Each structure stands twice: as structure tokens, then as C-alpha cells.
file my_file35.cif (mmCIF, C-alpha atoms)
data_start
loop_
_atom_site.group_PDB
_atom_site.id
_atom_site.type_symbol
_atom_site.label_atom_id
_atom_site.label_comp_id
_atom_site.auth_asym_id
_atom_site.auth_seq_id
_atom_site.Cartn_x
_atom_site.Cartn_y
_atom_site.Cartn_z
ATOM 1 C CA MET A 1 3.647 -6.949 26.361
ATOM 2 C CA ASP A 2 0.690 -4.847 27.497
ATOM 3 C CA LEU A 3 -2.783 -5.497 26.135
ATOM 4 C CA ASP A 4 -2.956 -2.335 23.984
ATOM 5 C CA LEU A 5 0.348 -3.133 22.293
ATOM 6 C CA ALA A 6 -0.606 -6.766 21.713
ATOM 7 C CA ALA A 7 -3.927 -5.662 20.236
ATOM 8 C CA ALA A 8 -2.147 -3.207 17.930
ATOM 9 C CA TYR A 9 0.141 -5.952 16.619
ATOM 10 C CA ASP A 10 -2.895 -8.190 16.107
ATOM 11 C CA ARG A 11 -4.620 -5.404 14.179
ATOM 12 C CA CYS A 12 -1.580 -5.010 11.916
ATOM 13 C CA ARG A 13 -1.348 -8.749 11.371
ATOM 14 C CA GLU A 14 -5.015 -8.894 10.377
ATOM 15 C CA LEU A 15 -4.594 -6.049 7.884
ATOM 16 C CA HIS A 16 -1.620 -7.890 6.436
ATOM 17 C CA ARG A 17 -3.482 -11.197 6.237
ATOM 18 C CA ARG A 18 -6.503 -9.662 4.485
ATOM 19 C CA HIS A 19 -4.800 -7.296 2.077
ATOM 20 C CA GLY A 20 -1.267 -8.564 1.421
ATOM 21 C CA ARG A 21 -1.666 -12.241 0.608
ATOM 22 C CA THR A 22 1.632 -12.684 -1.225
ATOM 23 C CA TYR A 23 3.689 -10.759 1.301
ATOM 24 C CA TYR A 24 1.832 -12.362 4.208
ATOM 25 C CA LEU A 25 2.637 -15.851 2.919
ATOM 26 C CA ALA A 26 6.300 -14.903 2.621
ATOM 27 C CA THR A 27 6.331 -13.395 6.117
ATOM 28 C CA ARG A 28 5.202 -16.715 7.587
ATOM 29 C CA LEU A 29 8.648 -18.058 6.665
ATOM 30 C CA LEU A 30 10.355 -15.637 9.054
ATOM 31 C CA PRO A 31 11.248 -16.544 12.632
ATOM 32 C CA ALA A 32 8.181 -15.927 14.783
ATOM 33 C CA TRP A 33 9.734 -13.037 16.721
ATOM 34 C CA LYS A 34 10.328 -11.064 13.508
ATOM 35 C CA ARG A 35 6.881 -11.529 11.991
ATOM 36 C CA ARG A 36 4.991 -9.114 14.204
ATOM 37 C CA HIS A 37 7.393 -6.310 13.300
ATOM 38 C CA VAL A 38 6.874 -6.890 9.583
ATOM 39 C CA HIS A 39 3.115 -6.922 10.204
ATOM 40 C CA ALA A 40 3.473 -3.584 11.987
ATOM 41 C CA LEU A 41 5.194 -1.973 8.996
ATOM 42 C CA TYR A 42 2.613 -3.407 6.632
ATOM 43 C CA GLY A 43 -0.200 -2.186 8.878
ATOM 44 C CA PHE A 44 1.249 1.329 8.897
ATOM 45 C CA THR A 45 1.549 1.488 5.112
ATOM 46 C CA ARG A 46 -1.803 -0.165 4.481
ATOM 47 C CA TYR A 47 -3.720 2.079 6.846
ATOM 48 C CA ALA A 48 -2.280 5.206 5.233
ATOM 49 C CA ASP A 49 -3.162 3.789 1.822
ATOM 50 C CA GLU A 50 -6.727 3.141 2.968
ATOM 51 C CA ILE A 51 -7.116 6.758 4.075
ATOM 52 C CA VAL A 52 -6.138 7.791 0.551
ATOM 53 C CA ASP A 53 -7.892 5.147 -1.549
ATOM 54 C CA GLN A 54 -10.729 3.634 0.478
ATOM 55 C CA THR A 55 -12.531 6.897 1.191
ATOM 56 C CA ASP A 56 -13.250 7.856 -2.418
ATOM 57 C CA ALA A 57 -16.616 9.350 -1.473
ATOM 58 C CA LEU A 58 -14.796 12.091 0.440
ATOM 59 C CA PRO A 59 -13.275 15.114 -1.335
ATOM 60 C CA PRO A 60 -9.456 15.131 -1.607
ATOM 61 C CA ALA A 61 -9.181 17.970 0.910
ATOM 62 C CA GLU A 62 -10.953 15.932 3.587
ATOM 63 C CA ARG A 63 -8.875 12.838 2.853
ATOM 64 C CA ALA A 64 -5.750 15.004 3.048
ATOM 65 C CA ALA A 65 -6.907 16.318 6.414
ATOM 66 C CA ARG A 66 -7.447 12.764 7.688
ATOM 67 C CA LEU A 67 -4.008 11.680 6.484
ATOM 68 C CA ASP A 68 -2.417 14.754 8.018
ATOM 69 C CA ASP A 69 -4.203 14.155 11.327
ATOM 70 C CA TRP A 70 -3.110 10.509 11.448
ATOM 71 C CA GLY A 71 0.427 11.435 10.442
ATOM 72 C CA GLY A 72 0.462 14.104 13.138
ATOM 73 C CA ARG A 73 -0.546 11.591 15.796
ATOM 74 C CA PHE A 74 2.177 9.258 14.548
ATOM 75 C CA VAL A 75 4.826 12.000 14.772
ATOM 76 C CA ALA A 76 3.602 12.957 18.239
ATOM 77 C CA GLY A 77 3.958 9.327 19.259
ATOM 78 C CA LEU A 78 7.541 9.317 17.984
ATOM 79 C CA HIS A 79 8.214 12.154 20.418
ATOM 80 C CA GLY A 80 6.744 10.256 23.332
ATOM 81 C CA ALA A 81 3.158 11.492 23.361
ATOM 82 C CA PRO A 82 0.515 8.889 24.253
ATOM 83 C CA VAL A 83 -1.418 7.672 21.222
ATOM 84 C CA SER A 84 -4.974 6.418 21.034
ATOM 85 C CA ASP A 85 -5.023 4.400 17.829
ATOM 86 C CA PRO A 86 -5.713 0.774 16.900
ATOM 87 C CA LEU A 87 -2.310 0.140 15.281
ATOM 88 C CA LEU A 88 0.160 2.990 15.883
ATOM 89 C CA PRO A 89 1.448 1.526 19.183
ATOM 90 C CA ALA A 90 2.795 -1.483 17.256
ATOM 91 C CA VAL A 91 4.474 0.720 14.654
ATOM 92 C CA LEU A 92 6.049 2.962 17.273
ATOM 93 C CA HIS A 93 7.258 -0.063 19.230
ATOM 94 C CA THR A 94 8.843 -1.584 16.122
ATOM 95 C CA ILE A 95 10.577 1.691 15.265
ATOM 96 C CA ALA A 96 11.987 1.871 18.788
ATOM 97 C CA VAL A 97 13.137 -1.769 18.880
ATOM 98 C CA PHE A 98 15.094 -1.489 15.617
ATOM 99 C CA ASP A 99 15.879 2.247 15.724
ATOM 100 C CA LEU A 100 14.367 2.658 12.270
ATOM 101 C CA GLU A 101 15.019 5.819 10.287
ATOM 102 C CA ARG A 102 12.250 8.319 11.017
ATOM 103 C CA GLU A 103 12.892 10.032 7.684
ATOM 104 C CA ASP A 104 11.702 6.917 5.843
ATOM 105 C CA PHE A 105 8.273 7.212 7.438
ATOM 106 C CA ALA A 106 8.041 10.928 6.651
ATOM 107 C CA SER A 107 8.960 10.178 3.043
ATOM 108 C CA PHE A 108 6.296 7.488 2.857
ATOM 109 C CA LEU A 109 3.565 9.792 4.162
ATOM 110 C CA LYS A 110 4.640 12.469 1.682
ATOM 111 C CA SER A 111 4.161 10.050 -1.220
ATOM 112 C CA MET A 112 0.759 9.014 0.100
ATOM 113 C CA ALA A 113 -0.274 12.668 0.142
ATOM 114 C CA MET A 114 0.825 12.952 -3.501
ATOM 115 C CA ASP A 115 -1.800 10.374 -4.458
ATOM 116 C CA LEU A 116 -4.466 12.884 -3.455
ATOM 117 C CA THR A 117 -3.379 15.486 -5.987
ATOM 118 C CA VAL A 118 -1.091 13.872 -8.593
ATOM 119 C CA THR A 119 -2.820 11.809 -11.267
ATOM 120 C CA SER A 120 0.061 11.110 -13.662
ATOM 121 C CA TYR A 121 3.832 11.350 -14.001
ATOM 122 C CA ARG A 122 5.531 12.938 -16.976
ATOM 123 C CA THR A 123 8.777 10.935 -16.897
ATOM 124 C CA TYR A 124 10.086 7.820 -15.242
ATOM 125 C CA GLU A 125 12.371 10.007 -13.137
ATOM 126 C CA HIS A 126 9.265 11.754 -11.761
ATOM 127 C CA LEU A 127 7.688 8.385 -11.011
ATOM 128 C CA LEU A 128 10.877 7.262 -9.261
ATOM 129 C CA ASP A 129 10.653 10.334 -7.029
ATOM 130 C CA TYR A 130 7.191 9.176 -5.960
ATOM 131 C CA MET A 131 8.302 5.554 -5.559
ATOM 132 C CA GLU A 132 11.252 6.634 -3.434
ATOM 133 C CA GLY A 133 8.757 7.356 -0.672
ATOM 134 C CA SER A 134 6.106 4.781 -1.484
ATOM 135 C CA ALA A 135 8.394 1.815 -2.198
ATOM 136 C CA ALA A 136 12.152 2.242 -1.759
ATOM 137 C CA VAL A 137 11.844 3.289 1.877
ATOM 138 C CA ILE A 138 9.857 0.130 2.608
ATOM 139 C CA GLY A 139 12.974 -1.810 1.703
ATOM 140 C CA THR A 140 15.150 0.244 4.022
ATOM 141 C CA MET A 141 12.558 0.016 6.816
ATOM 142 C CA MET A 142 12.567 -3.762 6.480
ATOM 143 C CA LEU A 143 16.321 -4.250 6.361
ATOM 144 C CA PRO A 144 17.068 -3.897 10.107
ATOM 145 C CA ILE A 145 14.260 -6.353 10.901
ATOM 146 C CA LEU A 146 15.478 -8.904 8.373
ATOM 147 C CA GLY A 147 19.098 -8.481 9.411
ATOM 148 C CA SER A 148 22.136 -8.559 7.152
ATOM 149 C CA SER A 149 25.762 -9.569 7.187
ATOM 150 C CA ASP A 150 26.554 -6.301 5.399
ATOM 151 C CA PRO A 151 23.798 -3.702 5.928
ATOM 152 C CA ALA A 152 25.580 -1.035 3.879
ATOM 153 C CA ALA A 153 25.875 -3.315 0.844
ATOM 154 C CA ALA A 154 22.317 -4.613 1.284
ATOM 155 C CA ARG A 155 20.727 -1.156 1.435
ATOM 156 C CA GLU A 156 20.588 -0.374 -2.294
ATOM 157 C CA PRO A 157 19.306 -3.846 -3.277
ATOM 158 C CA ALA A 158 16.592 -3.419 -0.615
ATOM 159 C CA ARG A 159 15.565 -0.121 -2.208
ATOM 160 C CA GLN A 160 15.587 -1.704 -5.660
ATOM 161 C CA LEU A 161 13.339 -4.523 -4.459
ATOM 162 C CA GLY A 162 10.853 -1.912 -3.285
ATOM 163 C CA PHE A 163 10.905 -0.347 -6.745
ATOM 164 C CA ALA A 164 10.520 -3.776 -8.376
ATOM 165 C CA PHE A 165 7.521 -4.778 -6.273
ATOM 166 C CA GLN A 166 5.729 -1.484 -6.759
ATOM 167 C CA LEU A 167 6.313 -1.322 -10.491
ATOM 168 C CA THR A 168 4.989 -4.886 -10.722
ATOM 169 C CA ASN A 169 1.834 -3.733 -8.955
ATOM 170 C CA PHE A 170 1.517 -0.749 -11.285
ATOM 171 C CA ILE A 171 1.768 -3.040 -14.322
ATOM 172 C CA ARG A 172 -0.820 -5.469 -12.960
ATOM 173 C CA ASP A 173 -3.228 -2.803 -11.682
ATOM 174 C CA VAL A 174 -3.421 -0.360 -14.605
ATOM 175 C CA GLY A 175 -7.193 -0.746 -14.750
ATOM 176 C CA GLU A 176 -7.728 -0.350 -11.006
ATOM 177 C CA ASP A 177 -5.597 2.767 -10.930
ATOM 178 C CA LEU A 178 -7.466 4.221 -13.911
ATOM 179 C CA ALA A 179 -10.694 3.732 -11.985
ATOM 180 C CA ARG A 180 -9.177 5.930 -9.249
ATOM 181 C CA GLY A 181 -8.249 8.548 -11.834
ATOM 182 C CA ARG A 182 -4.516 7.812 -11.702
ATOM 183 C CA THR A 183 -1.926 6.555 -14.183
ATOM 184 C CA TYR A 184 1.425 5.264 -12.991
ATOM 185 C CA LEU A 185 2.789 4.559 -16.471
ATOM 186 C CA PRO A 186 4.868 7.640 -17.372
ATOM 187 C CA ASP A 187 3.435 9.987 -19.973
ATOM 188 C CA GLU A 188 6.669 9.810 -21.978
ATOM 189 C CA ASP A 189 6.321 6.019 -22.210
ATOM 190 C CA LEU A 190 2.739 6.283 -23.417
ATOM 191 C CA ALA A 191 3.826 8.756 -26.081
ATOM 192 C CA ALA A 192 6.705 6.522 -27.190
ATOM 193 C CA PHE A 193 4.228 3.743 -27.983
ATOM 194 C CA GLY A 194 1.550 5.994 -29.441
ATOM 195 C CA VAL A 195 -0.802 5.468 -26.488
ATOM 196 C CA THR A 196 -2.946 8.110 -24.782
ATOM 197 C CA ARG A 197 -4.776 7.997 -21.461
ATOM 198 C CA GLU A 198 -7.982 7.878 -23.475
ATOM 199 C CA ASP A 199 -6.683 4.708 -25.139
ATOM 200 C CA LEU A 200 -6.111 3.163 -21.727
ATOM 201 C CA PHE A 201 -9.632 4.050 -20.625
ATOM 202 C CA ALA A 202 -11.017 2.540 -23.850
ATOM 203 C CA CYS A 203 -9.070 -0.697 -23.270
ATOM 204 C CA HIS A 204 -10.285 -0.811 -19.690
ATOM 205 C CA ALA A 205 -13.894 -0.394 -20.817
ATOM 206 C CA ALA A 206 -13.493 -3.048 -23.527
ATOM 207 C CA GLY A 207 -11.744 -5.522 -21.245
ATOM 208 C CA ARG A 208 -8.844 -6.051 -23.624
ATOM 209 C CA ALA A 209 -5.635 -4.284 -24.590
ATOM 210 C CA SER A 210 -4.791 -2.940 -28.003
ATOM 211 C CA GLY A 211 -1.545 -3.839 -29.760
ATOM 212 C CA PRO A 212 0.240 -0.616 -28.800
ATOM 213 C CA VAL A 213 -0.849 -0.997 -25.177
ATOM 214 C CA ARG A 214 0.511 -4.561 -25.087
ATOM 215 C CA GLU A 215 3.850 -3.292 -26.367
ATOM 216 C CA LEU A 216 3.809 -0.559 -23.733
ATOM 217 C CA ILE A 217 3.210 -3.130 -20.996
ATOM 218 C CA ARG A 218 5.949 -5.373 -22.435
ATOM 219 C CA TYR A 219 8.339 -2.442 -22.123
ATOM 220 C CA GLU A 220 7.313 -1.744 -18.525
ATOM 221 C CA VAL A 221 7.900 -5.408 -17.682
ATOM 222 C CA THR A 222 11.509 -5.121 -18.887
ATOM 223 C CA ARG A 223 11.885 -2.001 -16.764
ATOM 224 C CA ALA A 224 10.650 -3.887 -13.694
ATOM 225 C CA GLN A 225 13.049 -6.732 -14.489
ATOM 226 C CA ALA A 226 15.948 -4.282 -14.292
ATOM 227 C CA HIS A 227 14.968 -3.476 -10.704
ATOM 228 C CA TYR A 228 14.684 -7.177 -9.825
ATOM 229 C CA LEU A 229 18.150 -7.694 -11.309
ATOM 230 C CA ALA A 230 19.560 -4.879 -9.156
ATOM 231 C CA ALA A 231 17.796 -6.302 -6.076
ATOM 232 C CA ALA A 232 18.923 -9.924 -6.491
ATOM 233 C CA PRO A 233 22.377 -9.599 -4.836
ATOM 234 C CA GLY A 234 20.748 -8.317 -1.676
ATOM 235 C CA VAL A 235 18.852 -11.544 -0.954
ATOM 236 C CA VAL A 236 22.035 -13.487 -0.147
ATOM 237 C CA LEU A 237 23.254 -10.649 2.095
ATOM 238 C CA LEU A 238 20.322 -11.120 4.470
ATOM 239 C CA ASP A 239 20.464 -13.174 7.639
ATOM 240 C CA GLY A 240 20.046 -16.824 6.745
ATOM 241 C CA ALA A 241 16.769 -17.052 8.674
ATOM 242 C CA SER A 242 15.306 -14.211 6.595
ATOM 243 C CA GLN A 243 16.329 -15.376 3.143
ATOM 244 C CA ALA A 244 13.440 -17.814 2.583
ATOM 245 C CA CYS A 245 10.929 -15.032 3.257
ATOM 246 C CA ILE A 246 12.427 -12.541 0.828
ATOM 247 C CA ARG A 247 13.237 -15.234 -1.737
ATOM 248 C CA THR A 248 9.551 -16.200 -1.689
ATOM 249 C CA ALA A 249 8.344 -12.601 -1.986
ATOM 250 C CA TYR A 250 10.857 -11.953 -4.776
ATOM 251 C CA LEU A 251 9.721 -14.980 -6.788
ATOM 252 C CA LEU A 252 5.992 -14.510 -6.185
ATOM 253 C CA TYR A 253 5.894 -10.823 -7.024
ATOM 254 C CA GLY A 254 8.133 -11.551 -9.971
ATOM 255 C CA GLY A 255 5.781 -14.369 -10.914
ATOM 256 C CA ILE A 256 3.147 -11.729 -11.616
ATOM 257 C CA LEU A 257 5.349 -10.596 -14.503
ATOM 258 C CA ASP A 258 5.369 -14.181 -15.785
ATOM 259 C CA GLU A 259 1.576 -14.192 -15.673
ATOM 260 C CA VAL A 260 1.409 -10.848 -17.492
ATOM 261 C CA ALA A 261 3.632 -12.254 -20.241
ATOM 262 C CA ALA A 262 1.583 -15.466 -20.382
ATOM 263 C CA GLN A 263 -1.547 -13.453 -21.189
ATOM 264 C CA ASP A 264 0.345 -11.628 -23.942
ATOM 265 C CA TYR A 265 0.702 -8.460 -21.865
ATOM 266 C CA ASP A 266 -3.039 -7.857 -21.798
ATOM 267 C CA VAL A 267 -3.514 -6.516 -18.271
ATOM 268 C CA PHE A 268 -7.128 -5.609 -19.021
ATOM 269 C CA ALA A 269 -8.358 -9.119 -19.887
ATOM 270 C CA ARG A 270 -7.903 -10.335 -16.317
ATOM 271 C CA ARG A 271 -5.901 -9.501 -13.223
ATOM 272 C CA ALA A 272 -2.574 -11.313 -13.375
ATOM 273 C CA THR A 273 -2.188 -13.482 -10.286
ATOM 274 C CA VAL A 274 0.054 -16.384 -9.343
ATOM 275 C CA PRO A 275 -2.038 -19.566 -8.835
ATOM 276 C CA GLN A 276 -2.270 -20.786 -5.234
ATOM 277 C CA ARG A 277 -0.611 -24.117 -6.002
ATOM 278 C CA ARG A 278 2.390 -22.341 -7.481
ATOM 279 C CA ARG A 279 2.511 -19.945 -4.537
ATOM 280 C CA LEU A 280 2.741 -22.795 -2.062
ATOM 281 C CA GLY A 281 5.323 -24.553 -4.215
ATOM 282 C CA VAL A 282 7.513 -21.448 -4.315
ATOM 283 C CA ALA A 283 7.331 -21.062 -0.538
ATOM 284 C CA THR A 284 8.204 -24.725 0.016
ATOM 285 C CA ARG A 285 11.181 -24.599 -2.340
ATOM 286 C CA ALA A 286 12.386 -21.394 -0.702
ATOM 287 C CA LEU A 287 12.440 -23.121 2.669
ATOM 288 C CA LEU A 288 14.499 -25.935 1.194
ATOM 289 C CA THR A 289 16.916 -23.686 -0.682
ATOM 290 C CA PRO A 290 20.278 -23.307 1.081
ATOM 291 C CA ALA A 291 21.022 -19.823 2.352
ATOM 292 C CA GLY A 292 23.319 -17.961 -0.006
ATOM 293 C CA SER A 293 21.782 -19.414 -3.179
ATOM 294 C CA PRO A 294 21.201 -16.771 -5.881
ATOM 295 C CA VAL A 295 17.728 -15.914 -7.146
ATOM 296 C CA ALA A 296 16.696 -15.867 -10.784
ATOM 297 C CA VAL A 297 15.381 -12.636 -12.321
ATOM 298 C CA PRO A 298 11.640 -13.120 -13.032
ATOM 299 C CA GLY A 299 9.742 -12.528 -16.225
ATOM 300 C CA PRO A 300 10.381 -13.580 -19.804
ATOM 301 C CA PRO A 301 13.829 -13.233 -21.395
ATOM 302 C CA VAL A 302 14.490 -9.638 -22.348
ATOM 303 C CA ARG A 303 14.303 -9.215 -26.125
#

call {"tool": "encode", "arguments": {"input": "my_file35.cif", "output": "C-alpha cells"}}
result
Amino acid sequence: MDLDLAAAYDRCRELHRRHGRTYYLATRLLPAWKRRHVHALYGFTRYADEIVDQTDALPPAERAARLDDWGGRFVAGLHGAPVSDPLLPAVLHTIAVFDLEREDFASFLKSMAMDLTVTSYRTYEHLLDYMEGSAAVIGTMMLPILGSSDPAAAREPARQLGFAFQLTNFIRDVGEDLARGRTYLPDEDLAAFGVTREDLFACHAAGRASGPVRELIRYEVTRAQAHYLAAAPGVVLLDGASQACIRTAYLLYGGILDEVAAQDYDVFARRATVPQRRRLGVATRALLTPAGSPVAVPGPPVR
């Protein structure tokens, strides 16, 4: 491997280590030769996200121009043009090695661009359209790297796991997203529970959730659980060497829902996180779990 490519993989791994602690821990359970490719995909998605969210001082038009420029260099690289970038060589190499679907990457960049102009979603179907590009395609990107005994059957569960992980993040990060001027809880859900965006801002400022907001979050948790349920059959369809990784990610991301329930669905009181001791315990048990064992749907029992 040439020095530029090795450096690009190292850059992606460092982004993953710093910003994706749960996923990074799970990735360490993969065979060594697969890890760098997962890091590359994470680096690609994280860097695009940083263009959108970590340059808040810039006007949306300038951030859009930066995202478009980076996306253009990525597309040029797909067509064989030389790229001068700290991480794109690793992404392009991974795409070539596994012949990943180019459309998935275009869909992802489209959803990232939406974050520059879209601040809320009227219905859950509208949110799913956004998450198709920002989450579901991550599952289908990952599937060839993880390997499967039945890729066709594993595809939809992989998409559903992407939905489950992202909706979990949306539930946990309501306050952070509000601070960026965005709401990922559908407007129709807010209305169903008698909650307005102004109510969410008031709860964020007060550092505690009102009763109606707690009930709203409880509902969103059950919605996320439905995606975990749909994703569960896909874990046992993965290559045996990849199951511990995804089992760990499944249980740790799902464990965030347990933490949300444990704090009575008050996502404003504190950020719901899985304690480090539990994280390590989950990873250890996943390594010891025989391949083919089913996974339990996370979160409290559905009422």
C-alpha cells in the first residue's frame, strides 16, 4: 500500500476513534483486514457531516459550496481522476475493492445537503426519505465488507439497522439538534402529543422535559424498536467473523434506548449514554456468543 493511501486510512481511523466511540469499539471485533474499510466508510460520512455541522459560522450557501466541491472531487475520483485529499483515497480504494454501489454514496451526499436547508419533517414518511440517504445506505455500504451467507436476504435488515441507529441518535440528541436549528421528530408526532417546537426549546432551556414531551419520546422509542426488530434477522445472516461486531453495535446503540427509558424519557436532563463498564461487557459477551445466536430487541417492553 502506498504512503498516501495508508495515510488516508489512518486519517479515517482517527476520525472514527474520536467521533464514533460505540461503533469504533464494535469495529475492533472485526478481522483486522476488514477494519480499515469500515473506518474508510465512517471517515467519508463523518467528514461530510463536519462540512455541514462543524462550520456553523459560515452561511448555508458557503457550506453547500464546500460540500458540493468535496462531493465533486469524490465523483471525479470514482471516474479515475487523481485526488488530493486527506481521506478520499481510502474511500475510493474501499469502493473499488468491494465494488460498492455508487448510488448509495450519491444518496448519502444528497441527504447531507438537505441538512443545510431542511429544518423539520412534516411526517415520518418524509423523515424516512431523508434517512434513506443518511442511514439506510450505510447499511448497504457495509454489507459487502461484513459479508453474508445470503446478501439478498440480509439487505433489508441492513437498511433497517441504519434506520434504527439513526433514529436512536435523533432521540438522544434532540437538544443538540435544536441548537443547530433542526428537529428530526416529525411535526405530525409533535402535534399528536400536543407538543410544539417552542415547547422543545423551552424544555431544552430548562434542562428537563415536560410530561407531553416524555410521552412523545416514549413513542419515538417504540418506533425505533420496530426498526431494531426488523434488523435482528440480518445479524445471523452475516459472516461468522462479522457477527460479534454488529451484535455489539446493535446492543450498544439499542442500550441508549434503555438509558432513555431509565431516565423516564427525559432526554433534556442529561445525554443518554451507555456506561463504559457495560460497553466492555457487551463487547466481551458478543465475542463469546456463538455465531447464529439471535439478538434481543433493545429498549423497554412495548406497552

call {"tool": "resolve_selection", "arguments": {"input": "my_file35.cif", "expression": "the PyMOL selection byres ((chain A and resi 200) around 10)", "output": "number ranges by chain"}}
result
A: 174-175, 178, 183, 190, 195-199, 201-206, 208-210, 213, 268

call {"tool": "residues_near_point", "arguments": {"input": "my_file35.cif", "point": "(5.2, -6.1, -14.2)", "cutoff": "8 Å", "atoms": "all atoms listed in the file", "output": "list in words"}}
result
Leu167, Thr168, Asn169, Phe170, Ile171, Arg172, Ile217, Glu220, Val221, Thr222, Ala224, Gln225, Gly254, Ile256, Leu257 and Val260 of chain A

call {"tool": "resolve_selection", "arguments": {"input": "my_file35.cif", "expression": "the PyMOL selection byres ((chain A and resi 51-53) around 10)", "output": "list in words"}}
result
Arg46, Tyr47, Ala48, Asp49, Glu50, Gln54, Thr55, Asp56, Ala57, Leu58, Pro60, Glu62, Arg63, Ala64, Ala65, Arg66, Leu67, Trp70, Met112, Ala113, Met114, Asp115, Leu116, Asp177 and Arg180 of chain A

call {"tool": "resolve_selection", "arguments": {"input": "my_file35.cif", "expression": "the PyMOL selection byres ((chain A and resi 2-10) around 9)", "output": "list in words"}}
result
Met1, Arg11, Cys12, Arg13, Glu14, Leu15, Arg36, His37, His39, Ala40, Gly43, Asp85, Pro86, Leu87, Leu88, Pro89, Ala90, Val91 and His93 of chain A

call {"tool": "closest_atom_pairs", "arguments": {"input": "my_file35.cif", "of": "stretch 181-292 of chain A", "to": "stretch 124-140 of chain A", "cutoff": "12 Å", "atoms": "only C-alpha atoms", "output": "tab-separated table"}}
result
residue	atom	partner	partner_atom	distance
A:Thr183	CA	A:Leu127	CA	10.3
A:Tyr184	CA	A:Leu127	CA	7.3
A:Leu185	CA	A:Tyr124	CA	8.1
A:Pro186	CA	A:Tyr124	CA	5.6
A:Asp187	CA	A:Tyr124	CA	8.4
A:Glu188	CA	A:Tyr124	CA	7.8
A:Asp189	CA	A:Tyr124	CA	8.1
A:Leu190	CA	A:Tyr124	CA	11.1
A:Glu220	CA	A:Tyr124	CA	10.5
A:Arg223	CA	A:Tyr124	CA	10.1
A:Ala224	CA	A:Tyr124	CA	11.8
A:His227	CA	A:Ala136	CA	11.0
A:Ala231	CA	A:Gly139	CA	10.2
A:Gly234	CA	A:Gly139	CA	10.7
A:Val235	CA	A:Gly139	CA	11.7
A:Ile246	CA	A:Gly139	CA	10.8
